[in-house]
Each structure stands twice: as C-alpha cells, then as structure tokens.
$ cat data12.cif   # mmCIF, C-alpha atoms and all ligand atoms
data_upload
#
loop_
_atom_site.label_atom_id
_atom_site.label_comp_id
_atom_site.auth_asym_id
_atom_site.auth_seq_id
_atom_site.Cartn_x
_atom_site.Cartn_y
_atom_site.Cartn_z
CA MET A 1010 0.00 0.00 0.00
CA GLN A 1011 1.64 3.20 -1.18
CA GLY A 1012 -0.81 5.75 0.27
CA LEU A 1013 -1.95 8.88 -1.54
CA SER A 1014 -0.04 9.93 -4.64
CA LEU A 1015 -0.22 12.71 -7.19
CA SER A 1016 1.38 13.56 -10.54
CA ILE A 1017 2.13 17.21 -11.40
CA THR A 1018 1.84 17.66 -15.17
CA VAL A 1019 2.61 20.64 -17.40
CA ASP A 1020 1.28 21.14 -20.94
CA LEU A 1021 3.96 22.92 -22.95
CA GLU A 1022 2.36 24.92 -25.76
CA ASP A 1023 2.21 28.56 -26.86
CA TRP A 1024 -0.67 31.04 -27.30
CA TYR A 1025 -1.30 30.19 -30.98
CA HIS A 1026 -1.83 26.47 -30.29
CA ILE A 1027 -5.38 26.95 -28.98
CA PRO A 1028 -8.16 25.86 -31.38
CA SER A 1029 -9.44 29.34 -32.24
CA VAL A 1030 -6.00 30.22 -33.67
CA CYS A 1031 -4.56 26.97 -35.08
CA GLY A 1032 -5.46 23.39 -35.93
CA SER A 1033 -9.26 23.18 -35.62
CA PRO A 1034 -12.20 23.39 -38.06
CA PHE A 1035 -12.83 26.99 -36.92
CA SER A 1036 -9.27 28.27 -36.50
CA VAL A 1037 -7.75 31.33 -38.17
CA TYR A 1038 -4.76 29.27 -39.38
CA ASP A 1039 -4.98 25.72 -40.76
CA GLY A 1040 -2.19 24.61 -38.51
CA VAL A 1041 1.17 25.58 -37.08
CA ASP A 1042 2.89 25.39 -40.49
CA ASP A 1043 0.32 27.79 -41.94
CA PHE A 1044 0.76 30.07 -38.91
CA PHE A 1045 4.53 30.23 -39.31
CA SER A 1046 4.31 30.83 -43.05
CA ARG A 1047 2.06 33.89 -42.52
CA TRP A 1048 2.76 35.32 -39.03
CA ARG A 1049 5.20 38.22 -39.17
CA HIS A 1050 5.28 39.30 -35.51
CA ARG A 1051 6.82 37.97 -32.34
CA TYR A 1052 5.46 34.49 -31.57
CA ASP A 1053 7.35 33.28 -28.47
CA TYR A 1054 5.32 34.02 -25.34
CA LEU A 1055 6.25 30.63 -23.88
CA SER A 1056 9.96 30.64 -23.02
CA GLU A 1057 9.77 33.21 -20.23
CA PRO A 1058 6.92 31.64 -18.19
CA THR A 1059 8.43 28.17 -18.76
CA ALA A 1060 11.64 29.33 -17.06
CA ARG A 1061 9.54 30.47 -14.08
CA VAL A 1062 7.64 27.16 -14.00
CA LEU A 1063 10.94 25.26 -13.90
CA ASP A 1064 12.09 27.41 -10.96
CA LEU A 1065 8.75 26.94 -9.18
CA LEU A 1066 8.98 23.15 -9.54
CA ASP A 1067 12.55 23.22 -8.22
CA GLU A 1068 11.43 25.35 -5.28
CA PHE A 1069 8.96 22.62 -4.28
CA GLY A 1070 11.27 19.74 -5.22
CA VAL A 1071 8.77 18.43 -7.78
CA THR A 1072 9.72 16.24 -10.74
CA ALA A 1073 6.87 16.74 -13.20
CA THR A 1074 5.62 15.19 -16.43
CA PHE A 1075 5.79 17.68 -19.33
CA PHE A 1076 3.40 17.03 -22.21
CA ILE A 1077 5.18 18.79 -25.05
CA VAL A 1078 4.00 19.82 -28.52
CA ALA A 1079 6.85 18.32 -30.56
CA ASP A 1080 6.84 21.09 -33.15
CA LEU A 1081 8.22 23.44 -30.47
CA LEU A 1082 11.58 21.80 -31.21
CA ASN A 1083 11.54 23.50 -34.63
CA HIS A 1084 10.91 27.02 -33.34
CA TYR A 1085 12.23 27.31 -29.76
CA PRO A 1086 15.94 26.48 -29.60
CA ASP A 1087 16.88 24.88 -26.27
CA LEU A 1088 13.44 25.20 -24.64
CA VAL A 1089 12.76 21.45 -24.43
CA GLU A 1090 16.43 20.81 -23.61
CA ARG A 1091 16.03 23.04 -20.55
CA VAL A 1092 13.10 20.91 -19.35
CA VAL A 1093 15.16 17.73 -19.89
CA GLU A 1094 18.14 19.20 -18.00
CA ARG A 1095 15.97 19.78 -14.94
CA GLY A 1096 15.13 16.05 -14.84
CA HIS A 1097 11.44 16.10 -15.74
CA GLU A 1098 9.63 13.36 -17.65
CA ILE A 1099 9.14 14.21 -21.33
CA ALA A 1100 5.78 13.12 -22.75
CA CYS A 1101 3.97 13.91 -26.00
CA HIS A 1102 1.25 16.53 -26.60
CA GLY A 1103 1.01 15.89 -30.35
CA LEU A 1104 3.11 17.05 -33.27
CA ASP A 1105 1.46 20.47 -33.59
CA HIS A 1106 -1.53 20.50 -31.16
CA SER A 1107 -4.15 20.15 -33.90
CA CYS A 1108 -7.54 18.60 -32.99
CA LYS A 1109 -7.79 14.90 -33.92
CA ILE A 1110 -11.57 14.72 -33.50
CA HIS A 1111 -14.11 17.43 -34.30
CA PRO A 1112 -14.80 19.52 -31.17
CA GLY A 1113 -18.54 19.46 -32.00
CA THR A 1114 -19.32 16.08 -33.56
CA ARG A 1115 -16.35 14.05 -32.17
CA GLU A 1116 -15.89 12.59 -35.66
CA PRO A 1117 -12.26 11.90 -36.66
CA LEU A 1118 -10.51 14.81 -38.44
CA ILE A 1119 -7.57 12.60 -39.40
CA SER A 1120 -7.19 8.99 -40.53
CA CYS A 1121 -5.79 6.38 -38.15
CA SER A 1122 -2.67 5.91 -40.26
CA GLU A 1123 -2.03 9.64 -40.53
CA PHE A 1124 -2.50 10.01 -36.77
CA GLU A 1125 -0.02 7.18 -36.17
CA GLU A 1126 2.52 8.58 -38.62
CA ARG A 1127 2.42 12.11 -37.18
CA THR A 1128 2.36 11.01 -33.54
CA LEU A 1129 5.23 8.58 -34.05
CA LEU A 1130 7.23 11.42 -35.61
CA ALA A 1131 6.44 13.58 -32.56
CA LYS A 1132 7.48 10.73 -30.23
CA GLU A 1133 10.78 10.26 -32.05
CA MET A 1134 11.51 14.00 -32.12
CA LEU A 1135 11.02 14.20 -28.34
CA GLU A 1136 13.06 11.04 -27.73
CA GLY A 1137 15.87 12.62 -29.73
CA VAL A 1138 16.09 15.35 -27.11
CA SER A 1139 15.25 13.42 -23.95
CA GLY A 1140 17.44 10.41 -24.77
CA GLU A 1141 14.72 8.25 -23.21
CA GLU A 1142 11.70 6.38 -24.46
CA VAL A 1143 8.62 8.63 -24.50
CA ILE A 1144 5.67 6.53 -23.27
CA GLY A 1145 3.01 9.11 -22.36
CA TYR A 1146 0.52 11.07 -24.46
CA ARG A 1147 -2.03 13.80 -23.80
CA ALA A 1148 -4.46 14.69 -26.57
CA PRO A 1149 -4.31 18.31 -27.75
CA ASN A 1150 -7.36 20.15 -26.36
CA VAL A 1151 -8.06 16.84 -24.55
CA LEU A 1152 -10.21 15.82 -27.51
CA VAL A 1153 -9.69 12.07 -27.26
CA ALA A 1154 -11.30 8.96 -28.76
CA GLY A 1155 -11.03 5.21 -28.19
CA TRP A 1156 -9.47 4.62 -31.61
CA MET A 1157 -6.67 7.03 -30.71
CA LEU A 1158 -5.66 4.90 -27.72
CA ASP A 1159 -5.43 1.84 -30.01
CA SER A 1160 -3.12 3.79 -32.32
CA LEU A 1161 -1.03 5.11 -29.44
CA GLU A 1162 -0.52 1.57 -28.14
CA GLU A 1163 0.34 0.40 -31.67
CA ILE A 1164 3.19 2.92 -31.99
CA GLY A 1165 4.67 2.27 -28.56
CA PHE A 1166 2.95 4.54 -26.07
CA LYS A 1167 2.16 2.97 -22.70
CA TYR A 1168 -0.27 5.47 -21.23
CA ASP A 1169 -2.57 8.38 -22.01
CA SER A 1170 -3.73 11.16 -19.69
CA SER A 1171 -6.56 12.99 -21.45
CA VAL A 1172 -9.88 11.69 -20.13
CA CYS A 1173 -11.73 14.18 -17.94
CA VAL A 1174 -14.97 12.74 -16.64
CA ASN A 1175 -17.18 15.44 -15.08
CA SER A 1176 -20.72 16.86 -15.18
CA LEU A 1177 -19.91 20.02 -17.17
CA TYR A 1178 -18.44 18.81 -20.44
CA ASN A 1179 -17.26 15.69 -22.26
CA LYS A 1180 -14.56 16.16 -24.90
CA THR A 1181 -14.41 12.47 -25.88
CA ASP A 1182 -16.32 10.24 -28.32
CA SER A 1183 -17.59 8.07 -25.42
CA ASN A 1184 -20.20 8.49 -22.69
CA LEU A 1185 -17.50 7.61 -20.11
CA GLN A 1186 -19.79 5.17 -18.28
CA GLY A 1187 -17.91 3.62 -15.39
CA VAL A 1188 -14.92 5.98 -15.68
CA PHE A 1189 -13.82 7.53 -12.40
CA SER A 1190 -10.81 9.66 -11.50
CA HIS A 1191 -8.39 6.80 -10.81
CA PRO A 1192 -6.10 5.05 -13.34
CA TYR A 1193 -7.61 2.21 -15.37
CA HIS A 1194 -7.09 -0.06 -18.38
CA PRO A 1195 -9.40 1.04 -21.22
CA LYS A 1196 -11.24 -1.51 -23.35
CA GLY A 1197 -9.98 -1.94 -26.91
CA SER A 1198 -11.19 0.91 -29.21
CA LEU A 1199 -13.07 2.51 -26.31
CA LEU A 1200 -12.44 4.79 -23.37
CA GLU A 1201 -14.46 2.72 -20.89
CA PRO A 1202 -12.61 0.55 -18.36
CA GLY A 1203 -11.90 -3.05 -19.36
CA GLU A 1204 -9.61 -5.96 -18.61
CA GLY A 1205 -6.65 -7.66 -20.22
CA ARG A 1206 -4.85 -4.64 -21.63
CA SER A 1207 -1.59 -3.22 -20.41
CA PHE A 1208 -2.18 0.35 -21.74
CA VAL A 1209 -3.15 2.69 -18.90
CA GLU A 1210 -5.38 5.78 -18.85
CA PHE A 1211 -4.62 8.33 -16.13
CA PRO A 1212 -7.87 10.35 -16.04
CA TRP A 1213 -8.14 13.79 -14.49
CA SER A 1214 -9.48 14.53 -11.04
CA TYR A 1215 -12.95 15.78 -10.18
CA LEU A 1216 -14.75 16.99 -7.07
CA ASP A 1217 -17.92 14.99 -6.50
CA VAL A 1218 -20.55 17.13 -4.75
CA PHE A 1219 -23.71 15.01 -4.23
CA GLY A 1220 -23.14 13.29 -7.56
CA PHE A 1221 -22.27 16.47 -9.48
CA LYS A 1222 -18.71 16.20 -10.72
CA ILE A 1223 -16.68 19.40 -10.97
CA PRO A 1224 -13.43 19.07 -12.98
CA SER A 1225 -10.55 19.80 -10.62
CA SER A 1226 -7.30 18.85 -12.35
CA GLY A 1227 -6.28 22.44 -13.09
CA GLY A 1228 -5.84 24.35 -16.37
CA PRO A 1229 -8.80 26.66 -17.10
CA MET A 1230 -10.57 25.44 -13.94
CA LEU A 1231 -7.64 26.63 -11.85
CA ARG A 1232 -7.89 30.01 -13.59
CA PHE A 1233 -11.68 30.32 -13.21
CA LEU A 1234 -12.50 28.46 -9.97
CA GLY A 1235 -9.45 29.22 -7.84
CA SER A 1236 -7.29 26.91 -5.75
CA SER A 1237 -9.76 25.85 -3.01
CA ILE A 1238 -12.08 23.80 -5.25
CA ILE A 1239 -9.09 22.37 -7.12
CA ALA A 1240 -7.43 21.36 -3.84
CA MET A 1241 -10.64 19.75 -2.54
CA GLY A 1242 -11.06 17.85 -5.81
CA LEU A 1243 -7.45 16.65 -5.82
CA GLN A 1244 -7.72 15.53 -2.21
CA GLN A 1245 -10.97 13.67 -2.88
CA SER A 1246 -9.66 12.13 -6.11
CA MET A 1247 -6.46 10.93 -4.41
CA SER A 1248 -8.63 9.02 -1.96
CA ARG A 1249 -10.01 7.09 -4.98
CA GLY A 1250 -6.53 6.45 -6.42
CA HIS A 1251 -3.55 8.16 -8.04
CA THR A 1252 -4.55 11.45 -9.69
CA VAL A 1253 -3.30 14.28 -11.89
CA PHE A 1254 -2.85 18.05 -11.52
CA TYR A 1255 -1.96 20.13 -14.58
CA PHE A 1256 -1.30 23.65 -15.76
CA HIS A 1257 0.31 25.52 -18.66
CA PRO A 1258 3.31 27.88 -18.38
CA LEU A 1259 1.09 30.35 -20.32
CA ASP A 1260 -1.26 30.39 -17.31
CA ILE A 1261 1.32 32.40 -15.38
CA SER A 1262 2.42 34.68 -18.25
CA LEU A 1263 2.37 38.38 -17.35
CA GLU A 1264 2.01 39.50 -20.96
CA HIS A 1265 -0.92 40.24 -23.25
CA PHE A 1266 -1.08 37.68 -26.05
CA PRO A 1267 -1.80 38.75 -29.64
CA LYS A 1268 -5.53 39.18 -30.19
CA VAL A 1269 -6.16 36.56 -32.85
CA GLY A 1270 -9.15 34.23 -33.05
CA ARG A 1271 -12.60 34.13 -31.47
CA GLY A 1272 -13.05 33.71 -27.71
CA ARG A 1273 -9.47 34.63 -27.01
CA PRO A 1274 -9.94 37.46 -24.45
CA PHE A 1275 -12.29 35.30 -22.31
CA TYR A 1276 -10.04 32.24 -22.44
CA TRP A 1277 -7.14 34.16 -20.96
CA ALA A 1278 -9.19 36.51 -18.74
CA VAL A 1279 -7.51 35.17 -15.60
CA LYS A 1280 -3.80 34.42 -15.73
CA GLY A 1281 -0.45 35.75 -14.49
CA LYS A 1282 0.58 36.33 -10.89
CA VAL A 1283 -2.79 35.31 -9.44
CA VAL A 1284 -2.58 31.90 -11.12
CA GLU A 1285 1.09 31.48 -10.22
CA LYS A 1286 0.08 32.04 -6.61
CA ARG A 1287 -2.66 29.42 -6.92
CA ILE A 1288 -0.21 26.87 -8.35
CA GLY A 1289 2.10 27.64 -5.41
CA THR A 1290 -0.83 27.16 -3.00
CA ILE A 1291 -1.59 23.73 -4.49
CA LEU A 1292 2.07 22.63 -4.46
CA ARG A 1293 2.41 23.81 -0.85
CA LYS A 1294 -0.81 22.13 0.26
CA PHE A 1295 0.27 18.80 -1.21
CA GLN A 1296 3.95 19.21 -0.38
CA HIS A 1297 3.94 16.10 1.79
CA VAL A 1298 1.91 13.94 -0.56
CA ARG A 1299 4.01 11.45 -2.53
CA LYS A 1300 4.59 12.97 -5.96
CA ILE A 1301 5.66 10.77 -8.87
CA THR A 1302 5.79 11.30 -12.62
CA LEU A 1303 3.21 9.52 -14.73
CA LYS A 1304 5.96 7.26 -16.09
CA GLU A 1305 6.75 6.24 -12.51
CA ALA A 1306 3.04 5.77 -11.80
CA TYR A 1307 2.80 3.56 -14.90
CA LEU A 1308 5.85 1.47 -13.94
CA GLU A 1309 4.54 1.20 -10.40
CA SER A 1310 1.19 -0.05 -11.72
CA LYS A 1311 3.11 -2.81 -13.53
CA GLY A 1312 5.03 -3.72 -10.40
CA GLN A 1313 8.27 -2.59 -12.04
CA LEU A 1314 9.06 0.22 -9.68
CA VAL A 1315 8.61 0.74 -5.99
CA ILE A 1316 9.20 4.19 -4.60
CA ASP A 1317 9.39 4.76 -0.89
CA GLY A 1318 6.55 6.99 0.29
ZN ZN B 1401 -2.76 21.59 -24.95
#
$ encode --input "data12.cif" --output "structure tokens" --more "lines below"
Ligand SMILES: [Zn+2]
Amino acid sequence: MQGLSLSITVDLEDWYHIPSVCGSPFSVYDGVDDFFSRWRHRYDYLSEPTARVLDLLDEFGVTATFFIVADLLNHYPDLVERVVERGHEIACHGLDHSCKIHPGTREPLISCSEFEERTLLAKEMLEGVSGEEVIGYRAPNVLVAGWMLDSLEEIGFKYDSSVCVNSLYNKTDSNLQGVFSHPYHPKGSLLEPGEGRSFVEFPWSYLDVFGFKIPSSGGPMLRFLGSSIIAMGLQQSMSRGHTVFYFHPLDISLEHFPKVGRGRPFYWAVKGKVVEKRIGTILRKFQHVRKITLKEAYLESKGQLVIDG
C-alpha cells in the first residue's frame, strides 16, 4: 500500500496552439505550419513563463511530467532541452496540437494511419532530445477517442492522460460510463474501463458534490475556480486512487497575447501572478503527498518500480 499519490503535469504549448488560432475546423490558421508561413510578428510568449515554471517546480522539489508539442523543437531552440536538464519526464502533446476529433461532432478529423505517422514522428523527435523512451501522451485540447488509444498503443505509447470525466463537459467520443478519476485499463477501441490490456489511462481529477462532478485537475478550472475547489477535488480524487494536476506555463504569463481568433480574451481573462500564486498554493498544500511522474506511476502499476513513500 503506497498511500496517496499525485502527478504534477505541465502542458507545454504557446498562445497560438489553442483551437481558435490553429489546428481546428474553426481556427484562423490551418495549422502551425500555416501560422509560421504567414505570421510576421513575435510568436514566443512561452519561453519566459516556462523558465519560471521550472524554478517553481525546483522550489517545491517536484519532478513533473511535461506534455510537449513536438513542433516546439523547430521554433524554440533549447526550450525542451532546458526541461530535460531539470530532470522532468518528457511526454507527448502531439506534433502540432491540432484537434484529432471534431470539437462538436467528435468525428475523426484525421485517418488512423495519418495520426499514427504524425504522432510517431512527434514521439521520435522528443526522444531525440530526452534520450529516453517517451511513453506518455495527452491529446491536444483533450479531444480524445477510443481509436486514438489503439493507435497510441500500436506505436509504442504505454499510457494516455486525457480523459476528464465530469458533469460540465465531455470532450471524448464516449459516454464515459464507469470511468472515475483513478487510473484504469481502457477496453480496446473505447475509453471505458476493461480488462486484459496493459495500456493505462490516467484520467483527471474531479470533485464529487452530491453526484455532481466538478473538474478539478487544473488548467482553465484553476484560472476560473481558484485553488480551493481544485485542492478539494485533488484531495478527494487521491482518496479514490492516483490522480493528476496540470497547468500551462502560459497560465502564469504576465504579458498580453496577440488578439487573434474568437473567444481569445475570455479564455485568458484570468492568468499571471494570481494563477502562479494558486499553483504555489496547491504545491504547498500537497507538499507532503508522494509525488511521482506519470511514467513512474505507470511502472509502479506494472510492479516494475517501488518508490518509498
Ligand atoms: Zn494543450
């Protein structure tokens, strides 16, 4: 019995990766390549807050899992290297953060083989920098489908951490029946729990209030709801099993991002120092909880690793 445990995860992406700007059926640019061929202004709003995130994690002695958009390697010299140097787990957040299923209909926007080809390229690019096997994936915009997990397993991934079961929204192609906030083995081609598969899903945490599930893993919820609800949800979810907290370096950026794309001002209405303080509050509150990377949590689930609590 290992007791309560938590993974701190960071999604490494820049301001133009969100669906209103790039990589969705309603974005201003078709994708990152289109963005870089047309954008003539400064694009890097990511390096500075990432440096602060790395310092913050060091301050709390946290080794995190970084889900990284692989295309950053082409445009941000040394950024991913700096994350590797600080000893964090490198995981994959897609080649360019484009949506793989339609945000409205959940129909595939890409064929299985194209998804596998692009994601394998992303995996290999990240492995080239980390020097280690990349085994974890998080779907861009957490738009995830059962067929994607089959493909991920096919090309060598061992776990995914994208499923967010809650009462407010569902960004998957499944009704998530029987999915809770603790790690599980998904059925083949589905996101529901099953048996006999080694691939692991690390779903996000939620706060259950009389059956109403409030998402509490972080990200926009940390920006809009504050740290108390997130902390309560993490605490409650940890009592069900290992759980996940996440944020973006952009969440603590002090700058105004370029105004491109619909919905942008609202999406980033709350960020900067206030959110940095909230992340600090969460890390302080759970300072004495056993923190492991998702790779360690995966290996532990397979009995391959035992970490003293
Ligand atoms: Zn993302």
$ residues_around --input "data12.cif" --residues "Gly1197 of chain A" --least-positions-apart "2" --cutoff "7 Å" --atoms "only C-alpha atoms" --output "number ranges by chain"
A: 1159, 1195, 1199
$ residues_near_ligand --input "data12.cif" --ligand "ligand ZN 1401 (chain B)" --cutoff "8 Å" --atoms "only C-alpha atoms and all ligand atoms" --output "PyMOL selection string"
chain A and resi 1020-1022+1026-1027+1078+1102+1106+1147-1151
$ closest_residue --input "data12.cif" --among "A:Val1269, A:Leu1200, A:Ile1288, A:Leu1263" --to "Phe1044 of chain A" --atoms "all atoms listed in the file"
A:Val1269
$ closest_residue --input "data12.cif" --among "A:His1257, A:His1251, A:His1191, A:Lys1180" --to "Thr1059 of chain A" --atoms "only C-alpha atoms"
A:His1257
$ closest_residue --input "data12.cif" --among "A:Leu1161, A:Leu1065, A:Leu1259, A:Leu1177" --to "Tyr1025 of chain A" --atoms "all atoms listed in the file"
A:Leu1259
$ closest_residue --input "data12.cif" --among "A:Val1143, A:Ile1099, A:Val1093, A:Ile1238" --to "Leu1130 of chain A" --atoms "only C-alpha atoms"
A:Val1143
$ atom_distance --input "data12.cif" --atom1 "atom CA of Arg1115 of chain A" --atom2 "atom CA of Val1153 of chain A"
8.5 Å
$ closest_residue --input "data12.cif" --among "A:Lys1167, A:Lys1280, A:Lys1196, A:Lys1132" --to "Ile1144 of chain A" --atoms "all atoms listed in the file"
A:Lys1167
$ residues_around --input "data12.cif" --residues "His1265 of chain A" --least-positions-apart "2" --cutoff "10 Å" --atoms "only C-alpha atoms" --output "MDAnalysis selection string"
chainID A and resid 1054 1262:1263 1267:1268 1274 1277 1280:1281
$ closest_residue --input "data12.cif" --among "A:Ile1239, A:Arg1232, A:Glu1305, A:Val1174" --to "Ala1278 of chain A" --atoms "only C-alpha atoms"
A:Arg1232
$ axis_aligned_box --input "data12.cif" --around "segment 1191-1204 of chain A" --padding-each-side "5 Å" --output "AutoDock Vina command-line options"
--center_x -10.3 --center_y 0.4 --center_z -20.0 --size_x 18.4 --size_y 22.8 --size_z 28.4
